[in-house]
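A.B. asks: Compact mmCIF, C-alpha atoms and all ligand atoms, saved as entry_28.txt, coming up:
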# COMPACT_ATOMS: atom_id res chain seq x y z
CA MET A 925 -28.21 23.52 32.26
CA LYS A 926 -28.92 23.63 28.54
CA LEU A 927 -29.43 26.40 26.05
CA PRO A 928 -32.93 26.36 24.53
CA SER A 929 -31.23 24.83 21.47
CA GLY A 930 -30.31 21.82 23.63
CA LEU A 931 -26.62 22.55 23.97
CA PRO A 932 -25.30 21.83 27.48
CA VAL A 933 -23.61 24.92 28.95
CA GLY A 934 -22.99 25.30 32.63
CA PRO A 935 -20.68 24.47 35.50
CA ASP A 936 -21.47 20.76 35.28
CA ALA A 937 -21.00 20.56 31.53
CA PRO A 938 -17.26 20.85 30.82
CA TRP A 939 -16.35 21.34 27.17
CA LEU A 940 -13.41 20.03 25.17
CA ALA A 941 -11.70 22.93 23.38
CA PRO A 942 -11.12 23.10 19.65
CA LEU A 943 -7.52 21.89 19.27
CA ALA A 944 -6.13 21.92 15.74
CA GLY A 945 -4.27 18.69 15.09
CA PHE A 946 -5.72 17.04 18.19
CA SER A 947 -9.49 17.31 18.76
CA ASP A 948 -10.21 14.75 16.06
CA LEU A 949 -12.96 12.15 16.29
CA PRO A 950 -11.09 9.49 18.34
CA PHE A 951 -9.87 12.06 20.87
CA ARG A 952 -13.30 13.66 21.18
CA VAL A 953 -14.90 10.28 21.87
CA LEU A 954 -12.19 9.51 24.44
CA CYS A 955 -12.91 12.80 26.22
CA ARG A 956 -16.65 12.23 26.13
CA GLU A 957 -16.17 8.78 27.68
CA ASN A 958 -14.37 10.59 30.46
CA GLY A 959 -16.98 13.24 31.12
CA ALA A 960 -16.74 15.96 28.44
CA ALA A 961 -20.30 17.21 27.89
CA VAL A 962 -19.60 18.99 24.61
CA ALA A 963 -16.68 18.77 22.20
CA CYS A 964 -15.48 21.08 19.45
CA THR A 965 -13.95 20.07 16.16
CA GLU A 966 -10.57 21.37 15.12
CA MET A 967 -10.96 24.72 13.38
CA ILE A 968 -12.19 24.31 9.82
CA SER A 969 -11.85 26.83 7.00
CA ALA A 970 -15.30 28.05 5.97
CA LYS A 971 -14.12 28.38 2.40
CA GLY A 972 -12.50 24.95 2.45
CA LEU A 973 -15.71 23.48 3.80
CA VAL A 974 -17.88 25.01 1.09
CA TYR A 975 -15.61 23.83 -1.73
CA SER A 976 -15.01 20.42 -0.26
CA LEU A 977 -18.69 19.61 0.35
CA ARG A 978 -19.52 20.74 -3.18
CA ARG A 979 -16.81 18.61 -4.73
CA LYS A 980 -18.20 15.65 -2.79
CA GLU A 981 -14.77 14.06 -2.55
CA GLY A 982 -12.90 13.19 0.63
CA GLY A 983 -9.97 15.37 1.56
CA ALA A 984 -8.84 17.26 4.60
CA THR A 985 -12.11 19.03 5.38
CA GLU A 986 -14.14 15.83 5.15
CA ASN A 987 -11.74 14.31 7.63
CA LEU A 988 -12.16 17.17 10.04
CA LEU A 989 -15.92 16.67 9.84
CA ARG A 990 -15.85 12.94 10.53
CA THR A 991 -18.21 12.08 13.34
CA VAL A 992 -20.32 9.26 14.81
CA PRO A 993 -23.61 9.34 16.74
CA GLU A 994 -21.88 9.15 20.14
CA ASP A 995 -19.86 12.26 19.20
CA THR A 996 -22.68 14.62 20.16
CA PRO A 997 -23.31 17.38 20.95
CA LEU A 998 -20.59 18.54 18.59
CA VAL A 999 -19.63 22.14 17.90
CA VAL A 1000 -18.10 22.70 14.47
CA GLN A 1001 -15.57 25.48 14.70
CA LEU A 1002 -15.21 27.60 11.57
CA PHE A 1003 -12.69 30.22 10.66
CA GLY A 1004 -13.23 32.76 7.95
CA ALA A 1005 -13.24 36.47 7.23
CA GLU A 1006 -16.01 36.62 4.65
CA PRO A 1007 -19.56 36.66 6.04
CA ASP A 1008 -21.04 35.00 2.96
CA PHE A 1009 -18.65 32.07 3.02
CA VAL A 1010 -19.18 31.52 6.73
CA ALA A 1011 -22.97 31.63 6.29
CA VAL A 1012 -22.90 29.18 3.38
CA ALA A 1013 -20.46 26.89 5.21
CA ALA A 1014 -22.80 26.69 8.20
CA ARG A 1015 -25.81 26.12 5.97
CA GLU A 1016 -24.14 23.34 4.01
CA ALA A 1017 -22.84 21.71 7.17
CA ALA A 1018 -26.32 21.97 8.70
CA GLY A 1019 -27.60 20.17 5.62
CA ARG A 1020 -25.27 17.33 6.58
CA GLY A 1021 -26.69 17.16 10.10
CA PHE A 1022 -24.32 19.44 11.99
CA VAL A 1023 -26.20 21.65 14.43
CA PHE A 1024 -23.82 23.79 16.50
CA PHE A 1025 -21.11 26.17 15.31
CA ASP A 1026 -18.38 28.36 16.73
CA LEU A 1027 -16.44 31.17 15.10
CA ASN A 1028 -12.71 31.33 15.67
CA MET A 1029 -11.54 34.80 16.68
CA GLY A 1030 -8.41 33.74 18.46
CA CYS A 1031 -6.09 31.81 16.17
CA SER A 1032 -2.87 33.74 15.67
CA VAL A 1033 -1.19 31.37 13.21
CA PRO A 1034 0.08 33.52 10.28
CA LYS A 1035 -1.56 31.28 7.67
CA VAL A 1036 -4.97 32.04 9.21
CA MET A 1037 -4.33 35.67 10.18
CA LYS A 1038 -3.23 36.68 6.71
CA THR A 1039 -6.63 35.71 5.34
CA GLY A 1040 -8.19 38.17 7.80
CA ALA A 1041 -9.63 35.31 9.88
CA GLY A 1042 -8.96 34.07 13.42
CA ALA A 1043 -7.39 36.67 15.67
CA ALA A 1044 -7.14 39.11 12.71
CA LEU A 1045 -10.85 39.73 13.28
CA LEU A 1046 -9.95 41.32 16.62
CA ARG A 1047 -8.35 44.17 14.64
CA ASP A 1048 -11.56 44.78 12.72
CA PRO A 1049 -14.56 44.61 15.05
CA ASP A 1050 -17.00 45.67 12.29
CA ARG A 1051 -15.95 42.74 10.16
CA ALA A 1052 -15.93 40.46 13.20
CA ALA A 1053 -19.52 41.48 13.99
CA ALA A 1054 -20.57 40.98 10.36
CA VAL A 1055 -19.02 37.51 10.17
CA GLY A 1056 -20.60 36.66 13.53
CA ARG A 1057 -24.01 37.90 12.39
CA ALA A 1058 -23.79 35.82 9.22
CA LEU A 1059 -22.99 32.71 11.21
CA PHE A 1060 -25.64 33.22 13.91
CA ARG A 1061 -28.36 33.79 11.32
CA SER A 1062 -27.32 30.88 9.19
CA ALA A 1063 -27.00 28.46 12.11
CA GLY A 1064 -30.30 29.44 13.74
CA GLU A 1065 -31.11 30.70 17.20
CA GLY A 1066 -29.03 29.43 20.08
CA ARG A 1067 -26.77 27.39 17.83
CA ALA A 1068 -23.60 29.41 17.40
CA GLY A 1069 -21.03 31.17 19.52
CA CYS A 1070 -17.60 32.76 19.21
CA LYS A 1071 -14.22 32.10 20.75
CA LEU A 1072 -12.17 35.21 21.45
CA ARG A 1073 -8.89 36.38 22.81
CA LEU A 1074 -8.51 39.71 24.61
CA GLY A 1075 -7.38 41.63 21.56
CA PRO A 1076 -4.53 41.76 19.08
CA GLU A 1077 -1.88 42.84 21.59
CA ALA A 1078 -1.42 44.39 25.01
CA GLY A 1079 -2.98 47.85 25.08
CA SER A 1080 -5.58 46.98 22.47
CA SER A 1081 -8.12 44.86 24.31
CA VAL A 1082 -11.35 44.73 22.36
CA TYR A 1083 -13.02 41.73 23.94
CA LEU A 1084 -15.59 43.62 26.02
CA TYR A 1085 -16.67 45.85 23.16
CA LEU A 1086 -16.69 42.99 20.68
CA ALA A 1087 -18.48 40.64 23.07
CA ARG A 1088 -21.36 43.09 23.49
CA ARG A 1089 -21.63 43.52 19.75
CA LEU A 1090 -21.61 39.77 19.20
CA GLU A 1091 -24.29 39.35 21.84
CA ASP A 1092 -26.42 41.97 20.05
CA GLU A 1093 -25.88 40.14 16.78
CA GLY A 1094 -27.20 36.89 18.27
CA ALA A 1095 -24.27 34.92 19.71
CA ALA A 1096 -25.58 32.14 21.96
CA TRP A 1097 -22.37 31.87 23.99
CA LEU A 1098 -18.85 33.27 24.10
CA THR A 1099 -15.60 31.60 25.04
CA LEU A 1100 -12.67 33.69 26.16
CA HIS A 1101 -9.05 32.61 26.16
CA PRO A 1102 -7.84 35.63 28.11
CA ARG A 1103 -4.53 36.32 26.43
CA HIS A 1104 -3.75 38.71 23.60
CA ALA A 1105 -3.14 37.16 20.20
CA ARG A 1106 0.45 38.42 20.14
CA GLN A 1107 1.13 36.50 23.36
CA GLY A 1108 0.52 33.10 21.84
CA PHE A 1109 0.64 30.88 24.91
CA THR A 1110 3.20 32.90 26.86
CA GLY A 1111 2.48 34.65 30.14
CA SER A 1112 -0.62 33.56 31.97
CA ALA A 1113 -4.34 33.76 31.38
CA ASP A 1114 -5.92 36.96 32.74
CA TYR A 1115 -8.67 35.76 35.06
CA ALA A 1116 -9.83 39.27 35.89
CA ALA A 1117 -10.80 39.64 32.22
CA LEU A 1118 -13.06 36.59 32.52
CA GLU A 1119 -14.79 38.23 35.45
CA LYS A 1120 -15.29 41.48 33.51
CA LEU A 1121 -16.68 39.64 30.53
CA ALA A 1122 -19.03 37.50 32.59
CA ARG A 1123 -20.40 40.71 34.14
CA SER A 1124 -20.73 42.52 30.80
CA VAL A 1125 -22.89 40.13 28.79
CA SER A 1126 -25.96 38.13 29.64
CA ILE A 1127 -25.20 35.11 27.43
CA PRO A 1128 -23.10 32.25 28.86
CA VAL A 1129 -19.33 32.76 28.98
CA LEU A 1130 -16.96 29.80 28.93
CA ALA A 1131 -13.51 30.08 30.44
CA SER A 1132 -10.57 28.78 28.43
CA GLY A 1133 -6.91 29.10 29.32
CA ASP A 1134 -4.48 27.35 31.64
CA LEU A 1135 -6.99 24.89 33.06
CA PHE A 1136 -4.44 22.23 33.88
CA SER A 1137 -6.19 20.71 36.87
CA ALA A 1138 -9.72 20.04 38.07
CA GLU A 1139 -9.08 22.33 41.03
CA GLU A 1140 -8.03 25.26 38.83
CA ALA A 1141 -11.13 24.80 36.71
CA VAL A 1142 -13.47 24.76 39.72
CA LYS A 1143 -11.72 27.87 41.03
CA ARG A 1144 -12.21 29.62 37.68
CA LEU A 1145 -15.99 29.39 38.17
CA GLU A 1146 -15.57 32.03 40.89
CA THR A 1147 -15.06 34.59 38.12
CA GLY A 1148 -18.77 34.23 37.35
CA VAL A 1149 -18.31 32.35 34.08
CA SER A 1150 -20.97 29.80 33.19
CA GLY A 1151 -18.63 26.94 32.45
CA VAL A 1152 -15.15 25.76 31.58
CA MET A 1153 -13.41 24.48 28.48
CA PHE A 1154 -10.40 22.17 28.83
CA GLY A 1155 -7.64 22.36 26.23
CA ARG A 1156 -4.06 21.35 26.88
CA GLY A 1157 -5.01 19.89 30.26
CA ALA A 1158 -7.17 17.30 28.48
CA LEU A 1159 -4.49 16.56 25.89
CA SER A 1160 -2.22 14.89 28.38
CA ASP A 1161 -4.97 13.65 30.63
CA PRO A 1162 -8.55 13.15 29.42
CA GLY A 1163 -9.35 12.10 33.01
CA ILE A 1164 -9.44 15.80 33.90
CA PHE A 1165 -13.14 15.98 32.95
CA ARG A 1166 -14.09 13.21 35.39
CA ARG A 1167 -12.01 14.68 38.21
CA TYR A 1168 -13.57 18.10 37.61
CA LEU A 1169 -17.08 16.60 37.73
CA ASP A 1170 -16.19 14.63 40.87
CA LEU A 1171 -14.95 17.79 42.56
CA ARG A 1172 -18.11 19.64 41.56
CA ALA A 1173 -20.18 16.80 43.00
CA GLY A 1174 -18.35 17.15 46.29
CA HIS A 1175 -16.15 14.07 45.95
CA GLY A 1176 -12.41 14.63 46.04
CA PRO A 1177 -10.89 14.11 42.62
CA GLY A 1178 -9.09 10.81 42.09
CA GLU A 1179 -5.32 10.69 42.09
CA ARG A 1180 -3.55 11.09 38.80
CA GLY A 1181 -0.98 8.33 38.51
CA GLY A 1182 1.08 6.50 35.90
CA ALA A 1183 -1.33 3.67 35.17
CA PRO A 1184 -4.26 5.78 33.89
CA GLY A 1185 -1.95 7.26 31.27
CA VAL A 1186 -1.37 3.79 29.85
CA ASP A 1187 -5.11 3.12 29.93
CA PHE A 1188 -5.82 6.34 28.04
CA LEU A 1189 -3.18 5.50 25.47
CA LEU A 1190 -4.62 2.05 24.86
CA ARG A 1191 -8.19 3.32 24.67
CA HIS A 1192 -7.14 6.14 22.35
CA ALA A 1193 -5.32 3.62 20.16
CA ARG A 1194 -8.41 1.44 19.95
CA LEU A 1195 -10.62 4.41 19.06
CA ALA A 1196 -8.11 5.72 16.53
CA ARG A 1197 -7.98 2.34 14.86
CA SER A 1198 -11.75 1.91 14.68
CA LEU A 1199 -12.78 5.50 13.90
CA SER A 1200 -10.08 6.73 11.52
CA PRO A 1201 -10.15 6.34 7.77
CA GLU A 1202 -8.15 3.39 6.49
CA ARG A 1203 -5.59 5.63 4.88
CA LYS A 1204 -1.89 4.96 4.88
CA GLY A 1205 0.45 7.77 5.74
CA ARG A 1206 4.20 8.28 5.80
CA GLY A 1207 6.15 5.10 4.99
CA GLY A 1208 2.94 3.12 4.38
CA VAL A 1209 2.12 3.26 8.11
CA PRO A 1210 -1.63 3.51 8.87
CA PHE A 1211 -2.60 7.11 9.40
CA SER A 1212 -4.27 6.22 12.73
CA LEU A 1213 -1.05 4.65 14.02
CA LEU A 1214 1.00 7.70 13.02
CA LYS A 1215 -1.39 9.75 15.12
CA ILE A 1216 -0.93 7.46 18.11
CA ARG A 1217 2.83 7.64 17.68
CA SER A 1218 2.57 11.41 18.10
CA VAL A 1219 0.17 11.44 21.06
CA ALA A 1220 1.58 8.51 23.07
CA PRO A 1221 4.36 10.44 24.88
CA ARG A 1222 1.76 12.84 26.30
CA TYR A 1223 0.02 10.04 28.16
CA LEU A 1224 3.19 8.45 29.43
CA ARG A 1225 4.93 11.30 31.20
CA ALA A 1226 4.82 9.40 34.48
CA PHE A 1227 5.92 6.14 32.86
CA PRO A 1228 9.52 5.31 33.81
CA ASP A 1229 10.55 3.75 30.50
CA VAL A 1230 9.02 6.37 28.21
CA GLY A 1231 12.20 7.03 26.19
CA ARG A 1232 12.67 3.40 25.23
CA PHE A 1233 8.95 3.01 24.52
CA ARG A 1234 9.01 6.05 22.25
CA SER A 1235 11.91 4.79 20.16
CA ALA A 1236 10.28 1.39 19.80
CA LEU A 1237 6.95 3.00 18.93
CA ALA A 1238 8.58 5.02 16.17
CA ARG A 1239 9.50 1.71 14.52
CA CYS A 1240 5.98 0.24 14.66
CA ALA A 1241 4.77 -0.15 11.08
CA ASP A 1242 1.34 -1.59 11.77
CA TRP A 1243 -1.12 -2.23 14.58
CA ASP A 1244 0.20 -5.75 15.24
CA ASP A 1245 3.58 -4.17 16.01
CA PHE A 1246 1.89 -1.69 18.31
CA TYR A 1247 0.06 -4.33 20.34
CA ALA A 1248 3.16 -6.52 20.58
CA LEU A 1249 5.01 -3.51 21.95
CA ALA A 1250 2.21 -2.66 24.36
CA ARG A 1251 2.24 -6.23 25.69
CA GLU A 1252 5.96 -6.05 26.23
CA PHE A 1253 5.85 -2.73 28.10
CA PHE A 1254 2.50 -2.77 29.86
CA SER A 1255 2.16 -6.43 30.77
CA ASP A 1256 -0.48 -5.79 33.43
CA SER A 1257 -2.84 -4.01 31.08
CA ASP A 1258 -5.81 -5.59 29.37
CA PHE A 1259 -5.55 -5.46 25.59
CA GLY A 1260 -8.75 -7.36 24.83
C1 LIG B 1 -2.41 22.51 19.83
C2 LIG B 1 -3.47 23.54 19.99
C3 LIG B 1 -4.39 23.72 18.99
C4 LIG B 1 -5.40 24.69 19.13
N1 LIG B 1 -6.34 24.83 18.13
C5 LIG B 1 -7.36 25.72 18.28
C6 LIG B 1 -8.40 25.82 17.32
O1 LIG B 1 -8.44 25.09 16.32
N2 LIG B 1 -9.37 26.75 17.53
C7 LIG B 1 -9.38 27.56 18.64
O2 LIG B 1 -10.29 28.38 18.80
N3 LIG B 1 -8.43 27.46 19.57
C8 LIG B 1 -7.44 26.57 19.43
N4 LIG B 1 -6.49 26.43 20.41
C9 LIG B 1 -6.66 27.19 21.66
C10 LIG B 1 -7.41 26.32 22.68
O3 LIG B 1 -8.70 26.02 22.25
C11 LIG B 1 -7.48 27.02 24.05
O4 LIG B 1 -8.25 28.18 23.96
C12 LIG B 1 -6.09 27.38 24.56
O5 LIG B 1 -5.22 26.28 24.41
C13 LIG B 1 -6.13 27.82 26.01
O6 LIG B 1 -6.61 26.79 26.84
P1 LIG B 1 -5.61 25.78 27.64
O7 LIG B 1 -4.56 26.64 28.28
O8 LIG B 1 -6.54 25.10 28.61
O9 LIG B 1 -5.03 24.87 26.62
C14 LIG B 1 -5.46 25.51 20.28
C15 LIG B 1 -4.51 25.32 21.28
C16 LIG B 1 -3.52 24.36 21.16
C17 LIG B 1 -2.54 24.17 22.27
Reformat the file's structure so that it appears as structure tokens.
Ligand SMILES: Cc1cc2nc3c(=O)[nH]c(=O)nc-3n(C[C@H](O)[C@H](O)[C@H](O)COP(=O)(O)O)c2cc1C
C.D. replies:
Amino acid sequence: MKLPSGLPVGPDAPWLAPLAGFSDLPFRVLCRENGAAVACTEMISAKGLVYSLRRKEGGATENLLRTVPEDTPLVVQLFGAEPDFVAVAAREAAGRGFVFFDLNMGCSVPKVMKTGAGAALLRDPDRAAAVGRALFRSAGEGRAGCKLRLGPEAGSSVYLYLARRLEDEGAAWLTLHPRHARQGFTGSADYAALEKLARSVSIPVLASGDLFSAEEAVKRLETGVSGVMFGRGALSDPGIFRRYLDLRAGHGPGERGGAPGVDFLLRHARLARSLSPERKGRGGVPFSLLKIRSVAPRYLRAFPDVGRFRSALARCADWDDFYALAREFFSDSDFG
């Protein structure tokens, strides 16, 4: 199923969540290769985007916007509290070929909240609706949605009220991570809230929150949501998309074992090396390798020698070191 704008939304179109620090270009491509139908960028400051595109010089925002043709359809997630900035950011990004946008109404990091953006918008539904309206109009019909939490804290759930307003303003879809902002990631996702939301609006609703297995994600469809968005579950195992799709197609999902983790690590490394800018980071180590150093342990939880591998990985100064290490530890794997 696709929105009239061409964006796949539905039970057989699992999305990769926006994940600050993680849903960068190499990881998005890795997830797409494993069945993600749509991927979101990390959240990007609307203001930062406007200034950075005007300065026409690299920098952090340019990096967050790096993409390649196979990285489509891509949803650019913006955060901002000022309607004008959000509208201009979407317009300028559209001028660079970006088509789909999402507005962050869930981030509870103080740096974001204190600007009035992210989950701070849940405290001010009028502003939230105004920022939403600005984005939906600027992006064009069917091209922008919002990602919400339940409300600022327990006892102040605004999601149903806000969702209806955002629908009236022209949101093409809504994603709900059914926790309050104050909760962070504690407690558990409130599935009943997903059901209420799915019943209250007529635009597609995507379920986010605690989807750590293909089975849980399939079960979540029973709440009446249109589709699912994988976050942390995909971080440690991009194979979750394929297993979810297999389950949906009536085939049992494949086993999750130790070996696929190594395969994901090696594929991620290859993508990071080919798709990242050639920048050097800390200690003159390629930026892409620093990234792999930080993500590797996630893939290797089932690997018996993970501690020793980690320490050796921390000493890798370049990609030759990395592949020498990989050969030593994963002798059965194909390094091409
Ligand atoms: C490391 C990390 C970074 C995240 N960054 C973003 C973000 O940039 N924008 C956003 O809307 N949500 C962000 N989230 C929330 C996720 O998109 C998702 O809604 C949340 O993790 C719940 O889903 P999960 O339990 O399946 O991970 C982030 C979550 C994590 C763990």
A.B. asks: Output the neighbourhood of ligand LIG 1 (chain B) as an MDAnalysis selection string, that is, all protein and nucleic acid residues with some atom at most 7 Å from the ligand, counting only C-alpha atoms and all ligand atoms.
C.D. replies: chainID A and resid 941:946 966:967 1001 1028:1031 1071 1101 1132:1136 1153:1157
A.B. asks: Given the point (3.7, 2.5, 15.1) in the coordinates of this file, which residues lie within 8 Å, counting all atoms listed in the file, and how would they look as a ChimeraX atom specification?
C.D. replies: /A:1209,1213-1214,1216-1217,1237-1243,1245-1246
A.B. asks: Up to 12 Å from (-19.3, 25.1, 31.5) in the file's coordinates: name the residues, counting only C-alpha atoms, as a PyMOL selection string.
C.D. replies: chain A and resi 925-927+931-941+960-963+1097-1099+1128-1132+1141-1142+1144-1145+1148-1154+1165+1168-1169+1172
A.B. asks: Just checking: using only C-alpha atoms, which residue out of A:Arg1197, A:Arg1057, A:Arg1106, A:Arg1015 ends up closest to Gly1069 in chain A?
C.D. replies: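 Looking at the shortest contact to Gly1069 in chain A, the residue is A:Arg1057.
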A.B. asks: From the options A:Ile1164, A:Leu1249, A:Leu1159, A:Phe1024, which residue's atoms come nearest to Val1219 in chain A, counting all atoms listed in the file?
C.D. replies: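 The shortest atom-to-atom distance to Val1219 in chain A comes from A:Leu1159.
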A.B. asks: Could you state the separation of CA of Ala1011 in chain A and CA of Thr965 in chain A in Å, given to one decimal place?
C.D. replies: 17.7 Å
A.B. asks: Which one is closest to Thr996 in chain A: A:Phe1009, A:Phe1109, A:Phe1060, A:Phe1022? Count only C-alpha atoms.
C.D. replies: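 Using only C-alpha atoms, the shortest distance to Thr996 in chain A belongs to A:Phe1022.
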A.B. asks: Contacts of Gly930 in chain A at 9 Å or less, counting only C-alpha atoms, minus same-chain residues fewer than 4 places along, as a list of chain:residue names?
C.D. replies: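 Once the nearby chain positions are removed, what remains is A:Lys926, A:Pro997, A:Gly1066, A:Arg1067.
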A.B. asks: Of the candidates A:Pro950, A:Gly1207, A:Pro928, A:Gly1042, which shows the shortest atom-to-atom distance to Gly1004 in chain A, using only C-alpha atoms?
C.D. replies: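 Looking only at the distances to Gly1004 in chain A, the closest residue turns out to be A:Gly1042.
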A.B. asks: Could you check the closest approach to Val974 in chain A for each of A:Gly1019, A:Pro993, A:Pro1221, A:Pro1210 and tell me which residue wins, using only C-alpha atoms?
C.D. replies: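 Counting only C-alpha atoms, the residue closest to Val974 in chain A is A:Gly1019.
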